[in-house]
>>> print(open('my_file.cif').read())   # mmCIF, C-alpha atoms
data_upload
#
loop_
_atom_site.group_PDB
_atom_site.id
_atom_site.type_symbol
_atom_site.label_atom_id
_atom_site.label_comp_id
_atom_site.auth_asym_id
_atom_site.auth_seq_id
_atom_site.Cartn_x
_atom_site.Cartn_y
_atom_site.Cartn_z
ATOM 1 C CA SER A 9 68.152 119.595 84.570
ATOM 2 C CA CYS A 10 68.083 115.994 85.828
ATOM 3 C CA GLU A 11 69.249 117.042 89.280
ATOM 4 C CA GLU A 12 66.556 119.730 89.406
ATOM 5 C CA VAL A 13 63.728 117.236 88.887
ATOM 6 C CA GLY A 14 65.340 114.376 90.912
ATOM 7 C CA LEU A 15 66.367 112.054 88.076
ATOM 8 C CA PRO A 16 69.595 109.984 88.191
ATOM 9 C CA PHE A 17 72.123 110.743 85.490
ATOM 10 C CA SER A 18 75.522 109.403 84.374
ATOM 11 C CA VAL A 19 78.682 111.079 83.115
ATOM 12 C CA ASP A 20 81.292 109.380 80.954
ATOM 13 C CA ALA A 21 84.285 108.925 83.301
ATOM 14 C CA ASN A 22 86.650 108.001 80.451
ATOM 15 C CA PHE A 23 86.902 111.544 79.081
ATOM 16 C CA LEU A 24 90.511 111.714 80.378
ATOM 17 C CA GLY A 25 91.503 108.583 78.475
ATOM 18 C CA LEU A 26 91.945 106.536 81.672
ATOM 19 C CA HIS A 27 91.299 102.814 81.277
ATOM 20 C CA ARG A 28 92.385 101.221 84.585
ATOM 21 C CA SER A 29 91.532 103.950 87.088
ATOM 22 C CA GLN A 30 88.455 103.686 89.288
ATOM 23 C CA PRO A 31 86.565 106.977 89.813
ATOM 24 C CA ASP A 32 85.273 108.115 93.194
ATOM 25 C CA LEU A 33 83.324 111.218 94.141
ATOM 26 C CA LEU A 34 84.940 113.256 96.920
ATOM 27 C CA ASP A 35 84.210 116.507 98.739
ATOM 28 C CA LEU A 36 87.232 118.827 99.060
ATOM 29 C CA GLY A 37 86.012 121.734 101.129
ATOM 30 C CA THR A 38 83.240 123.355 99.089
ATOM 31 C CA HIS A 39 84.264 121.541 95.894
ATOM 32 C CA ARG A 40 82.999 118.169 94.711
ATOM 33 C CA VAL A 41 85.619 116.375 92.613
ATOM 34 C CA LEU A 42 86.128 113.099 90.802
ATOM 35 C CA SER A 43 89.139 111.217 92.161
ATOM 36 C CA PHE A 44 90.812 108.463 90.107
ATOM 37 C CA SER A 45 92.923 105.655 91.532
ATOM 38 C CA THR A 46 94.451 102.432 90.183
ATOM 39 C CA THR A 47 94.836 100.881 93.655
ATOM 40 C CA PRO A 48 92.085 99.337 95.811
ATOM 41 C CA ALA A 49 90.087 101.475 98.236
ATOM 42 C CA ALA A 50 91.486 102.146 101.721
ATOM 43 C CA HIS A 51 89.073 99.731 103.425
ATOM 44 C CA ALA A 52 90.099 96.923 101.059
ATOM 45 C CA LEU A 53 93.783 97.571 101.780
ATOM 46 C CA GLY A 54 92.950 97.595 105.500
ATOM 47 C CA ILE A 55 91.407 94.133 105.211
ATOM 48 C CA LYS A 56 94.469 92.975 103.280
ATOM 49 C CA ARG A 57 96.730 94.257 106.075
ATOM 50 C CA VAL A 58 94.722 92.364 108.704
ATOM 51 C CA MET A 59 95.049 89.202 106.621
ATOM 52 C CA ASP A 60 98.804 89.793 106.344
ATOM 53 C CA LEU A 61 99.116 90.087 110.130
ATOM 54 C CA VAL A 62 96.957 87.062 110.962
ATOM 55 C CA VAL A 63 98.194 84.673 108.268
ATOM 56 C CA GLY A 64 101.764 85.973 108.447
ATOM 57 C CA SER A 65 101.927 85.413 112.218
ATOM 58 C CA LEU A 66 100.598 81.858 111.886
ATOM 59 C CA LEU A 67 103.017 81.030 109.081
ATOM 60 C CA LEU A 68 105.958 82.473 111.003
ATOM 61 C CA MET A 69 105.157 80.460 114.148
ATOM 62 C CA MET A 70 104.663 77.239 112.180
ATOM 63 C CA SER A 71 107.841 77.719 110.156
ATOM 64 C CA LEU A 72 110.182 78.606 113.054
ATOM 65 C CA PRO A 73 111.460 74.998 113.538
ATOM 66 C CA LEU A 74 112.065 74.678 109.789
ATOM 67 C CA MET A 75 113.796 78.052 109.662
ATOM 68 C CA GLY A 76 116.035 76.965 112.539
ATOM 69 C CA LEU A 77 116.987 73.811 110.634
ATOM 70 C CA ILE A 78 117.743 75.818 107.470
ATOM 71 C CA PHE A 79 119.828 78.288 109.493
ATOM 72 C CA ILE A 80 121.969 75.474 110.973
ATOM 73 C CA THR A 81 122.323 73.744 107.574
ATOM 74 C CA ILE A 82 123.623 76.918 105.888
ATOM 75 C CA ARG A 83 126.068 77.591 108.737
ATOM 76 C CA ILE A 84 127.445 74.040 108.596
ATOM 77 C CA SER A 85 127.649 73.793 104.795
ATOM 78 C CA ASP A 86 128.736 77.313 103.872
ATOM 79 C CA GLY A 87 129.568 79.215 107.045
ATOM 80 C CA ARG A 88 128.199 82.569 108.080
ATOM 81 C CA PRO A 89 126.150 84.626 107.507
ATOM 82 C CA ALA A 90 123.063 82.454 107.119
ATOM 83 C CA PHE A 91 120.879 85.423 106.246
ATOM 84 C CA PHE A 92 121.118 87.680 103.218
ATOM 85 C CA ILE A 93 120.109 91.279 103.972
ATOM 86 C CA GLN A 94 119.699 93.793 101.151
ATOM 87 C CA THR A 95 118.128 97.215 100.596
ATOM 88 C CA ARG A 96 114.997 96.937 98.461
ATOM 89 C CA VAL A 97 112.411 99.400 97.134
ATOM 90 C CA GLY A 98 108.965 99.197 98.706
ATOM 91 C CA GLN A 99 105.631 100.936 98.264
ATOM 92 C CA ASN A 100 105.900 104.435 96.778
ATOM 93 C CA GLY A 101 109.681 104.108 96.533
ATOM 94 C CA ARG A 102 110.379 103.683 100.268
ATOM 95 C CA LEU A 103 113.593 101.766 100.991
ATOM 96 C CA PHE A 104 113.654 98.909 103.515
ATOM 97 C CA LYS A 105 115.879 96.057 104.678
ATOM 98 C CA PHE A 106 114.908 92.826 102.942
ATOM 99 C CA TYR A 107 115.641 89.429 104.559
ATOM 100 C CA LYS A 108 116.097 85.978 103.073
ATOM 101 C CA PHE A 109 118.277 82.928 103.629
ATOM 102 C CA ARG A 110 121.608 83.196 101.844
ATOM 103 C CA THR A 111 121.656 80.973 98.753
ATOM 104 C CA MET A 112 124.819 82.285 97.082
ATOM 105 C CA VAL A 113 128.522 82.494 97.857
ATOM 106 C CA ILE A 114 129.675 85.347 100.096
ATOM 107 C CA ASN A 115 130.928 87.707 97.344
ATOM 108 C CA ALA A 116 128.074 87.005 94.896
ATOM 109 C CA GLU A 117 127.200 90.654 94.204
ATOM 110 C CA ARG A 118 130.793 91.477 93.247
ATOM 111 C CA GLN A 119 130.670 88.836 90.502
ATOM 112 C CA ILE A 120 127.665 90.281 88.635
ATOM 113 C CA GLN A 121 129.830 92.406 86.339
ATOM 114 C CA ALA A 122 131.893 89.394 85.252
ATOM 115 C CA LEU A 123 128.737 87.367 84.576
ATOM 116 C CA SER A 124 126.740 90.168 82.901
ATOM 117 C CA GLN A 125 127.093 88.611 79.431
ATOM 118 C CA SER A 126 125.289 85.497 80.694
ATOM 119 C CA ASN A 127 122.128 87.341 81.804
ATOM 120 C CA ASP A 128 119.064 85.318 80.757
ATOM 121 C CA VAL A 129 116.584 88.175 81.274
ATOM 122 C CA SER A 130 116.152 91.378 79.279
ATOM 123 C CA GLY A 131 115.873 94.732 81.047
ATOM 124 C CA PRO A 132 117.610 95.933 84.222
ATOM 125 C CA VAL A 133 117.285 92.641 86.157
ATOM 126 C CA PHE A 134 120.132 90.109 86.325
ATOM 127 C CA LYS A 135 119.094 86.447 86.413
ATOM 128 C CA MET A 136 120.784 83.223 85.290
ATOM 129 C CA LYS A 137 119.091 79.821 85.076
ATOM 130 C CA ARG A 138 122.373 78.102 86.034
ATOM 131 C CA ASP A 139 124.004 80.724 88.195
ATOM 132 C CA PRO A 140 127.451 79.464 89.327
ATOM 133 C CA ARG A 141 127.230 81.626 92.452
ATOM 134 C CA VAL A 142 124.392 79.534 93.934
ATOM 135 C CA THR A 143 125.491 77.052 96.599
ATOM 136 C CA PRO A 144 124.259 73.407 96.643
ATOM 137 C CA VAL A 145 122.016 74.108 99.643
ATOM 138 C CA GLY A 146 120.927 77.376 98.049
ATOM 139 C CA ARG A 147 119.843 75.567 94.902
ATOM 140 C CA PHE A 148 117.402 73.463 96.925
ATOM 141 C CA LEU A 149 116.163 76.460 98.909
ATOM 142 C CA ARG A 150 115.524 78.456 95.735
ATOM 143 C CA LYS A 151 113.712 75.616 93.997
ATOM 144 C CA SER A 152 111.443 75.124 97.012
ATOM 145 C CA SER A 153 111.203 78.911 97.753
ATOM 146 C CA LEU A 154 112.171 78.191 101.379
ATOM 147 C CA ASP A 155 114.798 80.933 101.142
ATOM 148 C CA GLU A 156 111.936 83.465 101.205
ATOM 149 C CA LEU A 157 110.620 82.473 104.666
ATOM 150 C CA PRO A 158 112.479 85.257 106.578
ATOM 151 C CA GLN A 159 110.423 87.794 104.623
ATOM 152 C CA LEU A 160 107.498 86.898 106.882
ATOM 153 C CA TRP A 161 109.240 89.309 109.293
ATOM 154 C CA ASN A 162 109.046 92.018 106.617
ATOM 155 C CA VAL A 163 105.317 91.255 106.264
ATOM 156 C CA LEU A 164 104.681 91.640 109.994
ATOM 157 C CA ARG A 165 106.660 94.907 110.020
ATOM 158 C CA GLY A 166 104.346 96.287 107.316
ATOM 159 C CA GLU A 167 107.094 96.641 104.703
ATOM 160 C CA MET A 168 105.722 93.801 102.582
ATOM 161 C CA SER A 169 102.482 91.910 102.011
ATOM 162 C CA LEU A 170 101.894 88.195 101.497
ATOM 163 C CA VAL A 171 100.885 88.877 97.889
ATOM 164 C CA GLY A 172 102.264 91.696 95.748
ATOM 165 C CA PRO A 173 104.994 92.560 93.226
ATOM 166 C CA ARG A 174 108.416 91.275 94.231
ATOM 167 C CA PRO A 175 110.542 94.093 95.762
ATOM 168 C CA PRO A 176 113.228 95.371 93.346
ATOM 169 C CA ILE A 177 116.660 96.754 94.190
ATOM 170 C CA PRO A 178 117.258 100.531 93.763
ATOM 171 C CA SER A 179 119.596 100.132 90.760
ATOM 172 C CA GLU A 180 116.847 98.289 88.860
ATOM 173 C CA VAL A 181 114.211 100.916 89.658
ATOM 174 C CA ALA A 182 116.582 103.633 88.418
ATOM 175 C CA ARG A 183 116.389 102.015 84.956
ATOM 176 C CA TYR A 184 112.597 101.480 84.890
ATOM 177 C CA GLU A 185 110.480 102.958 82.153
ATOM 178 C CA ARG A 186 107.817 105.329 83.444
ATOM 179 C CA TRP A 187 104.923 102.830 83.153
ATOM 180 C CA GLN A 188 106.881 100.209 85.099
ATOM 181 C CA LEU A 189 106.932 102.470 88.176
ATOM 182 C CA ARG A 190 103.240 101.674 88.621
ATOM 183 C CA ARG A 191 104.197 98.382 90.321
ATOM 184 C CA LEU A 192 105.554 100.469 93.215
ATOM 185 C CA SER A 193 102.065 101.785 94.010
ATOM 186 C CA MET A 194 101.376 98.601 96.026
ATOM 187 C CA LYS A 195 103.305 96.940 98.854
ATOM 188 C CA PRO A 196 105.800 94.369 97.565
ATOM 189 C CA GLY A 197 104.852 90.769 98.231
ATOM 190 C CA LEU A 198 106.226 87.464 99.414
ATOM 191 C CA THR A 199 104.789 85.949 96.252
ATOM 192 C CA CYS A 200 103.280 87.268 93.023
ATOM 193 C CA ILE A 201 101.782 86.083 89.742
ATOM 194 C CA TRP A 202 105.271 86.115 88.147
ATOM 195 C CA GLN A 203 106.535 83.533 90.650
ATOM 196 C CA VAL A 204 103.698 81.120 89.893
ATOM 197 C CA SER A 205 103.846 81.709 86.125
ATOM 198 C CA GLY A 206 107.259 80.320 85.292
ATOM 199 C CA ARG A 207 109.723 82.791 86.885
ATOM 200 C CA SER A 208 112.774 82.591 84.603
ATOM 201 C CA GLU A 209 110.550 81.538 81.687
ATOM 202 C CA VAL A 210 108.820 84.939 81.772
ATOM 203 C CA ASP A 211 110.651 87.837 80.091
ATOM 204 C CA PHE A 212 111.099 91.150 81.906
ATOM 205 C CA GLU A 213 108.404 93.135 80.081
ATOM 206 C CA ARG A 214 105.765 90.445 80.583
ATOM 207 C CA TRP A 215 106.804 90.238 84.247
ATOM 208 C CA MET A 216 106.236 93.971 84.652
ATOM 209 C CA ARG A 217 102.856 93.849 82.900
ATOM 210 C CA GLN A 218 101.751 90.925 85.079
ATOM 211 C CA ASP A 219 102.595 92.983 88.191
#
>>> encode(input="my_file.cif", output="structure tokens")
Amino acid sequence: SCEEVGLPFSVDANFLGLHRSQPDLLDLGTHRVLSFSTTPAAHALGIKRVMDLVVGSLLLMMSLPLMGLIFITIRISDGRPAFFIQTRVGQNGRLFKFYKFRTMVINAERQIQALSQSNDVSGPVFKMKRDPRVTPVGRFLRKSSLDELPQLWNVLRGEMSLVGPRPPIPSEVARYERWQLRRLSMKPGLTCIWQVSGRSEVDFERWMRQD
């Protein structure tokens, strides 16, 4: 009736019980449908990608001398390799190679089982405040977050963004609860709200909800 006489009208978009989703009106062929999404619109994500490319390129160029110094320091103090490369889970579950400076001893991943009783975080993630596997140089790099600089390459490749949920490893994702998978709907980031909110002081569930 409103449409017939030219009056605007509103429809309650919460009839599906959705609280975070943003509705949008789309035309699919001859059908007009309401589409719901919890991620930003495509144009907003496009702007974010441009910012990633511009800022990421500048940061990479400015940090190259520092990265070279870190590379040499790791090689002298702890041998090779200087980089740590691992498979991580990206947006929508896509796997990619994740780069960072090595901060632990060579066989660190093999020691997780022996240290499992000392895990300081609940859930599928393994983290220790005083991890014996961390090297002296690695301790400084972790505290200053300089070990994350190589991920600027992941940002330029489009696998990561400057800001977004930290990329998990596949074995962690396999143990996620259904609602925790929502963090994979965005590109993983170089930094996130968890990193600036206390890191190891934040428990796993709060970390997931922050993401």
>>> atom_distance(input="my_file.cif", atom1="atom CA of Met112 of chain A", atom2="atom CA of Val142 of chain A")
4.2 Å
>>> closest_residue(input="my_file.cif", among="A:Tyr184, A:Phe212, A:Trp202, A:Phe91", to="Val171 of chain A", atoms="only C-alpha atoms")
A:Trp202
>>> atom_distance(input="my_file.cif", atom1="atom CA of Ala90 of chain A", atom2="atom CA of Leu72 of chain A")
14.7 Å
>>> residues_near_point(input="my_file.cif", point="(124.8, 80.1, 83.5)", cutoff="12 Å", atoms="all atoms listed in the file", output="MDAnalysis selection string")
chainID A and resid 120 122:129 134:142
>>> residues_around(input="my_file.cif", residues="Pro158 of chain A", least_positions_apart="5", cutoff="9 Å", atoms="only C-alpha atoms", output="ChimeraX atom specification")
/A:68,75,91,106-109
>>> residues_around(input="my_file.cif", residues="Thr143 of chain A", least_positions_apart="3", cutoff="7 Å", atoms="all atoms listed in the file", output="VMD selection string")
chain A and resid 111 to 113 146 to 147
>>> atom_distance(input="my_file.cif", atom1="atom CA of Pro73 of chain A", atom2="atom CA of Trp161 of chain A")
15.1 Å
>>> closest_atom_pairs(input="my_file.cif", of="segment 81-199 of chain A", to="segment 45-57 of chain A", cutoff="8 Å", atoms="only C-alpha atoms", output="JSON lines")
{"residue": "A:Gly166", "atom": "CA", "partner": "A:Arg57", "partner_atom": "CA", "distance": 8.0}
{"residue": "A:Ser169", "atom": "CA", "partner": "A:Arg57", "partner_atom": "CA", "distance": 7.4}
{"residue": "A:Ser193", "atom": "CA", "partner": "A:Thr47", "partner_atom": "CA", "distance": 7.3}
{"residue": "A:Met194", "atom": "CA", "partner": "A:Thr47", "partner_atom": "CA", "distance": 7.3}
>>> closest_residue(input="my_file.cif", among="A:Leu66, A:Phe79, A:Gly87, A:Arg217", to="Leu160 of chain A", atoms="all atoms listed in the file")
A:Leu66
>>> resolve_selection(input="my_file.cif", expression="the PyMOL selection byres ((chain A and resi 201) around 12)", output="PyMOL selection string")
chain A and resi 170-174+197-200+202-207+210+214-219
>>> closest_residue(input="my_file.cif", among="A:Arg118, A:Arg165, A:Arg28, A:Arg150", to="Arg190 of chain A", atoms="all atoms listed in the file")
A:Arg28
>>> closest_residue(input="my_file.cif", among="A:Lys195, A:Arg88, A:His39, A:Arg83", to="Met168 of chain A", atoms="all atoms listed in the file")
A:Lys195
>>> closest_residue(input="my_file.cif", among="A:Pro31, A:Leu24, A:Val62, A:Val145", to="Ile80 of chain A", atoms="only C-alpha atoms")
A:Val145
>>> closest_residue(input="my_file.cif", among="A:Ile114, A:Ile177, A:Leu67, A:Leu42", to="Val133 of chain A", atoms="all atoms listed in the file")
A:Ile177
>>> resolve_selection(input="my_file.cif", expression="the PyMOL selection byres ((chain A and resi 43) around 10)", output="list in words")
Ser29, Gln30, Pro31, Asp32, Leu33, Leu34, Asp35, Arg40, Val41, Leu42, Phe44 and Ser45 of chain A
